[in-house]
>>> print(open('final-v8.txt').read())   # compact mmCIF, C-alpha atoms and all ligand atoms
# COMPACT_ATOMS: atom_id res chain seq x y z
CA MET A 283 24.74 4.20 13.27
CA THR A 284 27.89 4.54 15.33
CA ALA A 285 27.49 3.36 18.86
CA VAL A 286 28.51 6.10 21.26
CA VAL A 287 28.19 3.83 24.22
CA GLY A 288 29.17 0.18 24.14
CA ALA A 289 26.54 -2.46 23.57
CA ARG A 290 26.93 -3.99 27.02
CA MET A 291 26.56 -0.69 28.74
CA LEU A 292 23.53 0.12 26.61
CA ASP A 293 21.98 -3.16 27.72
CA GLY A 294 22.56 -2.14 31.31
CA VAL A 295 20.85 1.18 30.70
CA ARG A 296 17.97 -0.57 28.96
CA GLN A 297 17.48 -2.87 31.94
CA TRP A 298 17.66 -0.01 34.38
CA LEU A 299 15.09 1.98 32.41
CA ALA A 300 12.81 -1.04 32.19
CA ALA A 301 13.14 -1.78 35.89
CA ASN A 302 12.35 1.83 36.71
CA GLY A 303 9.58 2.02 34.14
CA THR A 304 10.87 5.24 32.70
CA GLU A 305 11.54 6.94 29.37
CA PRO A 306 15.06 7.39 28.03
CA THR A 307 15.31 11.13 28.56
CA PRO A 308 18.91 12.41 28.76
CA ALA A 309 18.54 12.95 32.52
CA ARG A 310 17.27 9.39 33.06
CA VAL A 311 19.98 7.91 30.87
CA ALA A 312 22.62 9.84 32.80
CA GLU A 313 21.10 8.51 36.00
CA ALA A 314 21.08 4.97 34.62
CA LEU A 315 24.71 5.26 33.58
CA ARG A 316 25.64 6.60 37.01
CA ALA A 317 23.79 3.71 38.59
CA GLN A 318 26.21 1.44 36.74
CA GLY A 319 29.10 3.40 38.03
CA ARG A 320 29.77 5.19 34.73
CA ILE A 321 30.33 8.88 34.53
CA LEU A 322 30.19 10.07 30.95
CA GLY A 323 30.30 13.45 29.26
CA ASP A 324 27.23 15.21 27.89
CA ALA A 325 27.87 14.07 24.32
CA GLU A 326 28.00 10.42 25.32
CA VAL A 327 24.91 10.69 27.46
CA LEU A 328 22.98 12.42 24.67
CA GLY A 329 24.24 9.88 22.15
CA ALA A 330 23.14 6.98 24.34
CA ALA A 331 19.80 8.66 25.01
CA GLU A 332 19.21 9.19 21.29
CA GLN A 333 20.12 5.61 20.50
CA LEU A 334 17.77 4.27 23.15
CA ARG A 335 15.01 6.66 22.20
CA SER A 336 15.05 5.64 18.57
CA GLU A 337 15.09 2.04 19.67
CA LEU A 338 12.16 2.58 22.01
CA VAL A 339 9.93 4.94 20.10
CA GLY A 340 11.30 5.19 16.56
CA ALA A 341 12.28 2.62 14.04
CA GLY A 342 15.70 2.02 15.62
CA PRO A 343 18.50 1.58 13.10
CA LEU A 344 15.95 1.81 10.27
CA GLU A 345 15.13 5.39 11.12
CA PRO A 346 17.67 7.08 8.82
CA LEU A 347 16.50 4.88 5.95
CA LEU A 348 12.84 5.72 6.52
CA ALA A 349 13.71 9.39 6.76
CA ASP A 350 15.34 9.34 3.32
CA PRO A 351 12.71 10.79 0.95
CA SER A 352 13.86 8.65 -1.98
CA VAL A 353 13.30 5.38 -0.10
CA THR A 354 9.96 3.66 -0.78
CA ASP A 355 10.54 0.29 0.89
CA VAL A 356 12.73 -1.00 3.69
CA LEU A 357 13.12 -4.75 4.03
CA VAL A 358 14.90 -6.62 6.80
CA SER A 359 15.67 -10.24 6.02
CA ALA A 360 18.39 -10.82 8.63
CA PRO A 361 20.15 -8.69 11.26
CA ASP A 362 22.82 -7.74 8.72
CA ARG A 363 20.59 -7.85 5.67
CA VAL A 364 18.69 -4.58 5.41
CA TRP A 365 17.54 -3.62 1.93
CA VAL A 366 16.02 -0.48 0.53
CA ASP A 367 14.25 0.38 -2.69
CA ARG A 368 14.93 3.84 -3.99
CA GLY A 369 12.95 3.27 -7.20
CA GLY A 370 15.67 1.36 -9.03
CA GLY A 371 15.39 -2.08 -7.51
CA LEU A 372 16.67 -3.37 -4.17
CA GLU A 373 19.96 -2.20 -2.68
CA LEU A 374 21.69 -3.73 0.32
CA THR A 375 22.50 -1.11 2.97
CA GLN A 376 25.22 -0.85 5.60
CA VAL A 377 22.62 -0.80 8.36
CA SER A 378 22.64 -3.76 10.68
CA PHE A 379 21.10 -4.95 13.91
CA ARG A 380 23.10 -6.31 16.79
CA ASP A 381 21.47 -9.74 16.69
CA PRO A 382 18.22 -11.49 15.68
CA ALA A 383 16.70 -10.55 19.05
CA ALA A 384 17.07 -6.87 18.16
CA VAL A 385 15.10 -7.37 14.93
CA ARG A 386 12.43 -9.23 16.83
CA ARG A 387 12.22 -6.49 19.45
CA LEU A 388 11.80 -3.82 16.80
CA ALA A 389 9.12 -5.85 14.99
CA GLN A 390 7.16 -6.29 18.20
CA ARG A 391 7.52 -2.69 19.20
CA LEU A 392 6.37 -1.40 15.82
CA ALA A 393 3.42 -3.78 15.96
CA ALA A 394 2.55 -2.41 19.40
CA VAL A 395 2.77 1.13 18.06
CA ALA A 396 0.26 0.10 15.39
CA GLY A 397 -1.96 -1.27 18.15
CA ARG A 398 -1.51 -4.88 17.10
CA ARG A 399 -0.20 -7.92 18.76
CA LEU A 400 2.75 -9.89 17.48
CA ASP A 401 3.94 -12.93 19.40
CA ASP A 402 4.29 -16.68 19.15
CA ALA A 403 0.53 -17.15 19.09
CA ARG A 404 0.06 -14.65 16.25
CA PRO A 405 3.41 -14.51 14.53
CA TRP A 406 2.66 -12.00 11.78
CA VAL A 407 1.17 -8.58 11.51
CA ASP A 408 0.03 -6.39 8.64
CA ALA A 409 -0.70 -2.92 9.93
CA ARG A 410 -0.21 0.77 9.50
CA LEU A 411 1.95 2.93 11.73
CA PRO A 412 0.59 6.27 12.89
CA ASP A 413 2.60 8.13 10.23
CA GLY A 414 1.02 6.01 7.48
CA THR A 415 3.95 3.64 6.97
CA ARG A 416 2.73 0.15 6.21
CA LEU A 417 4.25 -2.53 8.38
CA HIS A 418 4.45 -6.23 7.75
CA ALA A 419 6.39 -8.41 10.14
CA VAL A 420 6.66 -12.12 10.71
CA LEU A 421 8.48 -13.84 13.55
CA PRO A 422 10.48 -17.08 13.69
CA PRO A 423 9.98 -19.96 13.45
CA VAL A 424 7.47 -19.08 10.70
CA ALA A 425 10.11 -16.71 9.36
CA VAL A 426 13.17 -18.86 9.02
CA GLY A 427 16.31 -17.54 10.67
CA SER A 428 15.27 -14.04 11.72
CA ALA A 429 12.19 -11.91 12.12
CA TYR A 430 11.39 -10.33 8.77
CA LEU A 431 10.22 -6.78 8.39
CA SER A 432 8.74 -5.16 5.31
CA LEU A 433 8.04 -1.45 5.60
CA ARG A 434 6.38 0.55 2.85
CA VAL A 435 6.71 4.29 3.13
CA VAL A 436 3.58 6.16 2.15
CA ARG A 437 4.22 9.50 0.55
CA PRO A 438 2.43 12.28 2.40
CA ARG A 439 0.82 13.44 -0.84
CA ALA A 440 -0.12 11.83 -4.12
CA PHE A 441 1.95 12.17 -7.27
CA THR A 442 0.41 14.61 -9.74
CA LEU A 443 -0.35 13.31 -13.19
CA ALA A 444 2.50 15.43 -14.54
CA GLU A 445 4.87 13.81 -12.03
CA LEU A 446 3.79 10.37 -13.15
CA VAL A 447 4.52 11.33 -16.75
CA ALA A 448 7.92 12.68 -15.68
CA ALA A 449 8.62 9.47 -13.73
CA GLY A 450 7.87 7.41 -16.83
CA THR A 451 4.79 5.78 -15.32
CA VAL A 452 2.34 7.38 -17.73
CA PRO A 453 3.50 7.65 -21.35
CA PRO A 454 3.71 11.09 -22.92
CA GLY A 455 0.22 11.92 -24.11
CA GLY A 456 -1.25 9.15 -21.95
CA GLU A 457 -2.60 11.66 -19.46
CA ARG A 458 -5.34 12.62 -21.95
CA VAL A 459 -6.71 9.11 -21.97
CA LEU A 460 -6.68 9.00 -18.18
CA ARG A 461 -8.53 12.30 -17.92
CA ARG A 462 -11.15 11.07 -20.35
CA LEU A 463 -11.53 7.87 -18.36
CA LEU A 464 -12.33 9.95 -15.28
CA ASP A 465 -14.50 12.46 -17.15
CA ALA A 466 -16.54 9.67 -18.69
CA ARG A 467 -17.15 8.27 -15.19
CA LEU A 468 -16.26 4.81 -16.40
CA SER A 469 -15.60 2.26 -13.69
CA TYR A 470 -12.11 0.84 -13.72
CA LEU A 471 -9.67 -1.31 -11.84
CA ILE A 472 -5.93 -0.88 -11.68
CA SER A 473 -4.21 -4.24 -11.86
CA GLY A 474 -0.61 -5.28 -11.43
CA GLY A 475 1.74 -7.38 -9.35
CA THR A 476 2.90 -6.52 -5.85
CA GLY A 477 4.39 -3.07 -5.47
CA THR A 478 3.85 -2.06 -9.08
CA GLY A 479 2.33 1.26 -8.00
CA LYS A 480 -1.39 0.46 -8.16
CA THR A 481 -2.35 2.36 -5.03
CA THR A 482 -0.15 5.29 -6.04
CA LEU A 483 -1.74 5.58 -9.48
CA LEU A 484 -5.21 5.31 -7.98
CA SER A 485 -4.44 8.22 -5.62
CA THR A 486 -3.34 10.32 -8.55
CA LEU A 487 -6.40 9.50 -10.63
CA LEU A 488 -8.74 10.31 -7.75
CA GLY A 489 -7.22 13.78 -7.78
CA LEU A 490 -8.72 14.21 -11.27
CA VAL A 491 -12.26 13.67 -10.01
CA GLY A 492 -14.34 16.83 -10.25
CA PRO A 493 -14.27 18.93 -7.06
CA GLY A 494 -18.07 18.73 -6.83
CA GLU A 495 -18.01 14.97 -6.38
CA ARG A 496 -17.85 13.06 -3.11
CA ILE A 497 -15.30 10.26 -2.92
CA VAL A 498 -15.84 7.47 -0.39
CA LEU A 499 -12.83 5.23 0.22
CA ALA A 500 -13.01 1.75 1.71
CA GLU A 501 -9.59 0.36 2.59
CA ASP A 502 -7.89 -2.30 4.64
CA SER A 503 -5.21 0.16 5.58
CA ALA A 504 -5.71 3.81 4.78
CA GLU A 505 -3.06 4.28 2.11
CA LEU A 506 -4.75 6.35 -0.55
CA ARG A 507 -3.85 10.03 -0.43
CA PRO A 508 -5.99 11.68 -3.07
CA ASP A 509 -5.54 15.37 -3.60
CA HIS A 510 -9.25 16.16 -3.59
CA PRO A 511 -11.43 18.46 -1.48
CA HIS A 512 -14.15 15.96 -0.60
CA VAL A 513 -12.89 12.58 0.55
CA VAL A 514 -14.21 10.40 3.35
CA ARG A 515 -12.38 7.26 4.33
CA LEU A 516 -13.36 4.04 6.03
CA GLU A 517 -10.81 1.58 7.30
CA SER A 518 -11.36 -2.06 8.18
CA ARG A 519 -10.07 -3.59 11.39
CA PRO A 520 -9.24 -7.10 12.54
CA ALA A 521 -10.96 -8.83 15.41
CA ASN A 522 -9.70 -7.94 18.87
CA GLN A 523 -7.96 -10.37 21.21
CA GLU A 524 -11.28 -11.93 22.18
CA GLY A 525 -11.96 -12.57 18.52
CA VAL A 526 -14.78 -10.03 18.16
CA GLY A 527 -15.31 -6.67 16.55
CA ARG A 528 -13.94 -7.45 13.12
CA VAL A 529 -14.97 -4.96 10.44
CA GLY A 530 -14.27 -6.28 6.96
CA LEU A 531 -13.99 -4.52 3.64
CA ASP A 532 -17.37 -5.98 2.68
CA ASP A 533 -18.94 -4.21 5.68
CA LEU A 534 -17.27 -1.00 4.62
CA VAL A 535 -18.52 -1.22 1.05
CA ARG A 536 -22.06 -1.74 2.35
CA GLN A 537 -21.77 1.30 4.60
CA ALA A 538 -20.10 3.38 1.89
CA LEU A 539 -23.09 2.87 -0.37
CA ARG A 540 -25.32 4.58 2.15
CA MET A 541 -23.04 7.57 2.35
CA ARG A 542 -24.03 9.04 -0.98
CA PRO A 543 -20.80 8.40 -2.80
CA ASP A 544 -20.25 9.88 -6.25
CA ARG A 545 -17.23 7.64 -6.49
CA LEU A 546 -16.99 4.46 -4.51
CA VAL A 547 -13.39 3.35 -4.15
CA VAL A 548 -12.19 0.00 -2.85
CA GLY A 549 -8.49 0.30 -2.04
CA GLU A 550 -7.75 -3.28 -2.94
CA VAL A 551 -10.33 -5.82 -4.01
CA ARG A 552 -9.28 -9.07 -2.42
CA GLY A 553 -12.24 -10.78 -0.87
CA ALA A 554 -15.98 -10.96 -0.42
CA GLU A 555 -16.35 -7.19 -0.94
CA VAL A 556 -16.22 -7.89 -4.67
CA VAL A 557 -19.85 -9.03 -4.44
CA HIS A 558 -21.08 -5.73 -2.98
CA LEU A 559 -18.87 -3.73 -5.28
CA LEU A 560 -20.22 -5.40 -8.40
CA ALA A 561 -23.75 -5.05 -7.13
CA ALA A 562 -23.17 -1.35 -6.46
CA LEU A 563 -21.66 -0.70 -9.85
CA ASN A 564 -24.67 -2.42 -11.36
CA THR A 565 -27.15 -0.25 -9.56
CA GLY A 566 -26.23 3.19 -10.68
CA HIS A 567 -22.98 3.82 -8.84
CA GLU A 568 -20.87 4.94 -11.76
CA GLY A 569 -17.22 5.71 -11.81
CA GLY A 570 -16.27 3.28 -9.05
CA CYS A 571 -12.69 2.13 -8.96
CA GLY A 572 -10.08 0.19 -7.06
CA THR A 573 -7.00 -1.94 -7.40
CA VAL A 574 -6.67 -5.67 -7.81
CA HIS A 575 -3.69 -7.93 -7.70
CA ALA A 576 -3.15 -9.66 -11.05
CA ASN A 577 -0.07 -10.37 -13.09
CA ALA A 578 -1.78 -9.59 -16.37
CA ALA A 579 -4.83 -7.54 -17.27
CA ALA A 580 -6.29 -10.60 -18.95
CA ASP A 581 -6.27 -12.37 -15.57
CA VAL A 582 -8.53 -9.79 -13.92
CA PRO A 583 -11.88 -11.42 -14.80
CA ALA A 584 -10.62 -14.78 -13.52
CA ARG A 585 -9.30 -13.16 -10.35
CA LEU A 586 -12.64 -11.45 -9.67
CA GLU A 587 -14.40 -14.69 -10.48
CA ALA A 588 -12.28 -16.55 -7.94
CA LEU A 589 -13.01 -13.93 -5.26
CA GLY A 590 -16.71 -13.81 -6.12
CA THR A 591 -17.29 -17.53 -6.24
CA ALA A 592 -15.43 -17.95 -2.94
CA ALA A 593 -17.99 -15.51 -1.53
CA GLY A 594 -20.86 -17.59 -2.85
CA LEU A 595 -21.74 -15.90 -6.15
CA ASP A 596 -22.19 -18.29 -9.04
CA ARG A 597 -20.01 -17.98 -12.07
CA ALA A 598 -22.63 -16.99 -14.63
CA ALA A 599 -24.15 -14.39 -12.33
CA LEU A 600 -20.75 -12.98 -11.58
CA HIS A 601 -19.83 -12.59 -15.23
CA SER A 602 -23.10 -10.97 -16.14
CA GLN A 603 -22.64 -8.48 -13.29
CA LEU A 604 -19.08 -7.93 -14.25
CA ALA A 605 -19.97 -7.14 -17.84
CA ALA A 606 -22.31 -4.40 -16.72
CA ALA A 607 -20.24 -3.17 -13.79
CA LEU A 608 -16.71 -2.74 -14.98
CA SER A 609 -15.44 -1.05 -18.13
CA VAL A 610 -11.68 -0.68 -18.03
CA VAL A 611 -8.54 -2.25 -16.58
CA LEU A 612 -5.31 -0.25 -16.32
CA HIS A 613 -2.42 -2.63 -15.96
CA LEU A 614 0.85 -1.70 -14.29
CA VAL A 615 4.18 -3.47 -14.53
CA ARG A 616 7.58 -2.90 -13.07
CA ASP A 617 10.26 -3.33 -15.69
CA ARG A 618 13.81 -4.61 -15.23
CA ALA A 619 15.14 -1.13 -14.52
CA GLY A 620 12.71 -0.89 -11.61
CA ARG A 621 10.49 1.63 -13.39
CA ARG A 622 6.76 1.33 -12.79
CA ARG A 623 4.59 2.00 -15.82
CA ILE A 624 1.14 1.51 -17.31
CA ALA A 625 1.78 -1.31 -19.74
CA GLU A 626 -1.73 -1.60 -21.05
CA VAL A 627 -5.26 -0.27 -20.98
CA GLN A 628 -7.84 -2.97 -21.60
CA VAL A 629 -11.59 -2.86 -22.02
CA LEU A 630 -13.97 -5.55 -20.83
CA GLU A 631 -16.08 -7.38 -23.31
CA ARG A 632 -18.59 -10.17 -23.13
CA THR A 633 -17.62 -13.18 -25.20
CA PRO A 634 -20.20 -15.32 -27.04
CA SER A 635 -19.98 -17.84 -24.20
CA GLY A 636 -21.33 -15.18 -21.85
CA LEU A 637 -18.10 -14.85 -19.93
CA VAL A 638 -16.23 -11.58 -19.67
CA ALA A 639 -12.80 -11.17 -21.20
CA THR A 640 -10.45 -8.24 -21.51
CA VAL A 641 -9.42 -6.80 -24.84
CA PRO A 642 -6.33 -4.61 -25.19
CA ALA A 643 -7.24 -1.07 -26.23
CA LEU A 644 -3.90 0.68 -25.70
CA ARG A 645 -0.43 -0.69 -25.19
CA TRP A 646 2.72 1.21 -24.26
CA GLY A 647 4.74 0.94 -27.45
CA GLU A 648 8.06 2.51 -28.26
CA ARG A 649 7.00 6.11 -28.01
CA GLY A 650 3.75 6.01 -26.08
CA PHE A 651 0.37 4.36 -26.20
CA VAL A 652 -0.42 2.57 -29.44
CA ARG A 653 -3.96 1.60 -30.29
CA GLU A 654 -5.02 -2.00 -30.23
CA ARG A 655 -8.05 -4.04 -31.12
CA GLY A 656 -10.16 -2.73 -28.26
CA TRP A 657 -9.55 0.94 -28.98
CA PRO A 658 -12.75 1.54 -30.99
CA ARG A 659 -14.72 0.21 -28.04
CA LEU A 660 -12.91 2.40 -25.51
CA SER A 661 -13.27 5.40 -27.76
CA ALA A 662 -16.98 4.69 -28.16
CA LEU A 663 -17.37 4.45 -24.37
CA PHE A 664 -15.73 7.85 -24.01
CA ALA A 665 -17.89 9.38 -26.73
CA GLU A 666 -21.08 7.84 -25.35
CA ARG A 667 -20.41 9.56 -22.07
CA GLY A 668 -19.43 12.89 -23.54
CA ALA A 669 -15.74 12.66 -22.73
CA GLY A 670 -14.46 14.12 -25.99
CA ALA A 671 -13.01 12.42 -29.02
N1 LIG A 701 5.23 5.82 -10.43
C1 LIG A 701 6.01 5.70 -9.39
N2 LIG A 701 7.24 6.23 -9.36
C2 LIG A 701 8.03 6.08 -8.28
N3 LIG A 701 7.67 5.42 -7.15
C3 LIG A 701 6.48 4.88 -7.13
C4 LIG A 701 5.58 4.98 -8.24
N4 LIG A 701 4.45 4.33 -7.95
C5 LIG A 701 4.64 3.85 -6.73
N5 LIG A 701 5.84 4.17 -6.22
C6 LIG A 701 6.35 3.76 -4.92
O1 LIG A 701 6.38 2.35 -4.93
C7 LIG A 701 5.90 1.79 -3.73
C8 LIG A 701 4.74 0.86 -4.05
O2 LIG A 701 3.67 1.61 -4.53
P1 LIG A 701 2.16 1.21 -4.26
O3 LIG A 701 1.88 1.02 -2.84
O4 LIG A 701 1.35 2.20 -5.01
O5 LIG A 701 2.12 -0.20 -5.02
P2 LIG A 701 0.98 -1.29 -5.02
O6 LIG A 701 1.01 -1.92 -6.37
O7 LIG A 701 -0.31 -0.69 -4.59
O8 LIG A 701 1.54 -2.30 -3.94
P3 LIG A 701 0.78 -3.51 -3.19
O9 LIG A 701 0.84 -4.64 -4.15
O10 LIG A 701 1.62 -3.72 -2.00
O11 LIG A 701 -0.62 -3.03 -2.90
C9 LIG A 701 5.48 2.96 -2.87
O12 LIG A 701 6.46 3.18 -1.90
C10 LIG A 701 5.38 4.13 -3.83
O13 LIG A 701 5.74 5.36 -3.23
MG MG A 702 -1.61 -1.27 -3.06
>>> encode(input="final-v8.txt", output="structure tokens")
Amino acid sequence: MTAVVGARMLDGVRQWLAANGTEPTPARVAEALRAQGRILGDAEVLGAAEQLRSELVGAGPLEPLLADPSVTDVLVSAPDRVWVDRGGGLELTQVSFRDPAAVRRLAQRLAAVAGRRLDDARPWVDARLPDGTRLHAVLPPVAVGSAYLSLRVVRPRAFTLAELVAAGTVPPGGERVLRRLLDARLSYLISGGTGTGKTTLLSTLLGLVGPGERIVLAEDSAELRPDHPHVVRLESRPANQEGVGRVGLDDLVRQALRMRPDRLVVGEVRGAEVVHLLAALNTGHEGGCGTVHANAAADVPARLEALGTAAGLDRAALHSQLAAALSVVLHLVRDRAGRRRIAEVQVLERTPSGLVATVPALRWGERGFVRERGWPRLSALFAERGAGA
């Protein structure tokens, strides 16, 4: 962004506006500039007003990046280190902040917009901005050197299945398997590392749910955007400043079960809610789904076990619930070229020891999904539930 008005003068205007408790409208900015003995032309006044406005209400220098439809993530790691991801890995941009204080100010302002506090006593925030953008920020000294910002742009609508095939996320022909998974009302989890597109794929798949079904979403931050006529969403919230009023994902899952869901969806399974989810899937709630963070599909049972045992469920009980509750894991990876794709489809199976393990059923080979050891089981699950051959 080219500064129309010098930084020092802008500071003066900022102080004047703050002292007068007023918004940076062009008239006010002109007044503020006059108060400093500056008489500027309309263009300069408008330029300064725009700059201050975006600093006060928008995302400041990040605004043009966030407005770019190809950008999915914006990361600030220092005043002059602003990165974007346009789907092909991280790129350093020309955008910079004046100094570390400017990054800190933006982080605090965005947190305030999201209704959260961010200060020395609580130096990080994970929240959602009103337009859906996910905000994470952490302040020094926890963040070393500068406040760090991580913004994840949420697309206003889900990808269609065809778009995911075109983007190389679903292999050609793979959409049939996904449709059958939904038609068979099998319960599944989408696994993958950070930012591999789990939430995005889940949104798309929810769009394949029959229009007569009711989808109930339970999420920490409302990110899912399913293209479906009957969706209700519940969002958790942290405790307030007095430390009360927290609503956790486990509370939401409990409430969701009383809301007659045809599909219970947990945005991301990452805590005690796993206990209620498994219980629900064991008591007639078919077709439930969610995402879970795991670097390999084979790690999913261990990950759920860790979450479940932390919440007080014993290991044997957890595995026996898991065996009955969950059928399939779709695993996403991000390859070196930055492309997000379904690397594997695995089915869950009980081993002789009584524990649950995953077995690969389909793997993305050279030209598309190739069948693996677990395919006969997956195919039988489809057939059992009338989802075609
Ligand atoms: N198949 C895709 N093609 C292109 N962009 C994608 C695709 N899937 C996801 N994205 C983009 O990548 C970013 C991360 O996606 P998403 O939030 O779905 O990932 P995630 O695995 O759920 O992340 P997290 O680990 O943070 O929960 C988003 O900005 C999204 O728009
Ligand atoms: Mg996610």
>>> residues_near_ligand(input="final-v8.txt", ligand="ligand LIG 701 (chain A)", cutoff="7 Å", atoms="only C-alpha atoms and all ligand atoms", output="JSON, numbers by chain")
{"A": [354, 355, 369, 434, 435, 436, 437, 446, 449, 451, 474, 475, 476, 477, 478, 479, 480, 481, 482, 483, 575, 621, 622, 623]}
>>> residues_around(input="final-v8.txt", residues="Asp544 (chain A)", least_positions_apart="2", cutoff="8 Å", atoms="all atoms listed in the file", output="PyMOL selection string")
chain A and resi 495-498+542+546+567-569
>>> atom_distance(input="final-v8.txt", atom1="CA of Val353 (chain A)", atom2="CA of Ala341 (chain A)")
14.4 Å
>>> atom_distance(input="final-v8.txt", atom1="CA of Leu586 (chain A)", atom2="CA of Val556 (chain A)")
7.1 Å
>>> closest_residue(input="final-v8.txt", among="A:Leu506, A:Leu559, A:Ala593, A:Val610", to="ligand MG 702 (chain A)", atoms="only C-alpha atoms and all ligand atoms")
A:Leu506
>>> closest_residue(input="final-v8.txt", among="A:Val526, A:Ala504, A:Ala669, A:Ala349", to="Glu550 (chain A)", atoms="all atoms listed in the file")
A:Ala504
>>> residues_around(input="final-v8.txt", residues="Ala639 (chain A)", least_positions_apart="5", cutoff="7 Å", atoms="only C-alpha atoms", output="PyMOL selection string")
chain A and resi 580+583+630-633
>>> write_last_selection(input="final-v8.txt", atoms="C-alpha atoms", output="mmCIF file, in the frame of the given file")
data_model
loop_
_atom_site.group_PDB
_atom_site.id
_atom_site.type_symbol
_atom_site.label_atom_id
_atom_site.label_comp_id
_atom_site.auth_asym_id
_atom_site.auth_seq_id
_atom_site.Cartn_x
_atom_site.Cartn_y
_atom_site.Cartn_z
ATOM 1 C CA ALA A 580 -6.290 -10.600 -18.950
ATOM 2 C CA PRO A 583 -11.880 -11.420 -14.800
ATOM 3 C CA LEU A 630 -13.970 -5.550 -20.830
ATOM 4 C CA GLU A 631 -16.080 -7.380 -23.310
ATOM 5 C CA ARG A 632 -18.590 -10.170 -23.130
ATOM 6 C CA THR A 633 -17.620 -13.180 -25.200
#
>>> closest_residue(input="final-v8.txt", among="A:Ser518, A:Ser378, A:Ser609, A:Thr573", to="ligand MG 702 (chain A)", atoms="only C-alpha atoms and all ligand atoms")
A:Thr573
>>> atom_distance(input="final-v8.txt", atom1="CA of Asp617 (chain A)", atom2="CA of Ser473 (chain A)")
15.0 Å
>>> residues_around(input="final-v8.txt", residues="Trp406 (chain A)", least_positions_apart="6", cutoff="10 Å", atoms="only C-alpha atoms", output="PyMOL selection string")
chain A and resi 389-390+393+398-400+418-422+424-425+429-431
>>> decode(input="final-v8.txt", residues="region 544-555 of chain A", atoms="N, CA, C and O atoms", output="mmCIF file, in the first residue's frame")
data_model
loop_
_atom_site.group_PDB
_atom_site.id
_atom_site.type_symbol
_atom_site.label_atom_id
_atom_site.label_comp_id
_atom_site.auth_asym_id
_atom_site.auth_seq_id
_atom_site.Cartn_x
_atom_site.Cartn_y
_atom_site.Cartn_z
ATOM 1 N N ASP A 544 -30.270 -36.497 11.573
ATOM 2 C CA ASP A 544 -30.067 -37.662 10.720
ATOM 3 C C ASP A 544 -28.573 -37.875 10.527
ATOM 4 O O ASP A 544 -28.111 -38.979 10.322
ATOM 5 N N ARG A 545 -27.858 -36.770 10.561
ATOM 6 C CA ARG A 545 -26.396 -36.846 10.485
ATOM 7 C C ARG A 545 -25.835 -35.945 11.566
ATOM 8 O O ARG A 545 -26.058 -34.718 11.547
ATOM 9 N N LEU A 546 -25.107 -36.542 12.466
ATOM 10 C CA LEU A 546 -24.435 -35.763 13.496
ATOM 11 C C LEU A 546 -23.011 -35.498 13.011
ATOM 12 O O LEU A 546 -22.288 -36.435 12.656
ATOM 13 N N VAL A 547 -22.614 -34.238 13.004
ATOM 14 C CA VAL A 547 -21.301 -33.890 12.475
ATOM 15 C C VAL A 547 -20.498 -33.145 13.544
ATOM 16 O O VAL A 547 -20.970 -32.151 14.097
ATOM 17 N N VAL A 548 -19.308 -33.634 13.827
ATOM 18 C CA VAL A 548 -18.419 -32.931 14.749
ATOM 19 C C VAL A 548 -17.300 -32.335 13.897
ATOM 20 O O VAL A 548 -16.515 -33.069 13.291
ATOM 21 N N GLY A 549 -17.259 -31.024 13.829
ATOM 22 C CA GLY A 549 -16.312 -30.336 12.945
ATOM 23 C C GLY A 549 -14.908 -30.895 13.074
ATOM 24 O O GLY A 549 -14.313 -31.313 12.098
ATOM 25 N N GLU A 550 -14.403 -30.891 14.297
ATOM 26 C CA GLU A 550 -13.097 -31.499 14.524
ATOM 27 C C GLU A 550 -13.108 -32.180 15.881
ATOM 28 O O GLU A 550 -13.377 -31.545 16.893
ATOM 29 N N VAL A 551 -12.843 -33.485 15.858
ATOM 30 C CA VAL A 551 -12.818 -34.243 17.097
ATOM 31 C C VAL A 551 -11.467 -34.004 17.742
ATOM 32 O O VAL A 551 -10.430 -34.368 17.183
ATOM 33 N N ARG A 552 -11.467 -33.329 18.900
ATOM 34 C CA ARG A 552 -10.171 -33.085 19.519
ATOM 35 C C ARG A 552 -10.199 -33.073 21.038
ATOM 36 O O ARG A 552 -9.310 -32.538 21.691
ATOM 37 N N GLY A 553 -11.255 -33.651 21.600
ATOM 38 C CA GLY A 553 -11.311 -33.654 23.056
ATOM 39 C C GLY A 553 -12.342 -34.631 23.559
ATOM 40 O O GLY A 553 -12.649 -35.638 22.908
ATOM 41 N N ALA A 554 -12.905 -34.286 24.712
ATOM 42 C CA ALA A 554 -13.809 -35.188 25.418
ATOM 43 C C ALA A 554 -15.063 -35.530 24.623
ATOM 44 O O ALA A 554 -15.732 -36.528 24.888
ATOM 45 N N GLU A 555 -15.392 -34.707 23.602
ATOM 46 C CA GLU A 555 -16.598 -34.986 22.815
ATOM 47 C C GLU A 555 -16.540 -36.344 22.144
ATOM 48 O O GLU A 555 -17.562 -36.908 21.767
#
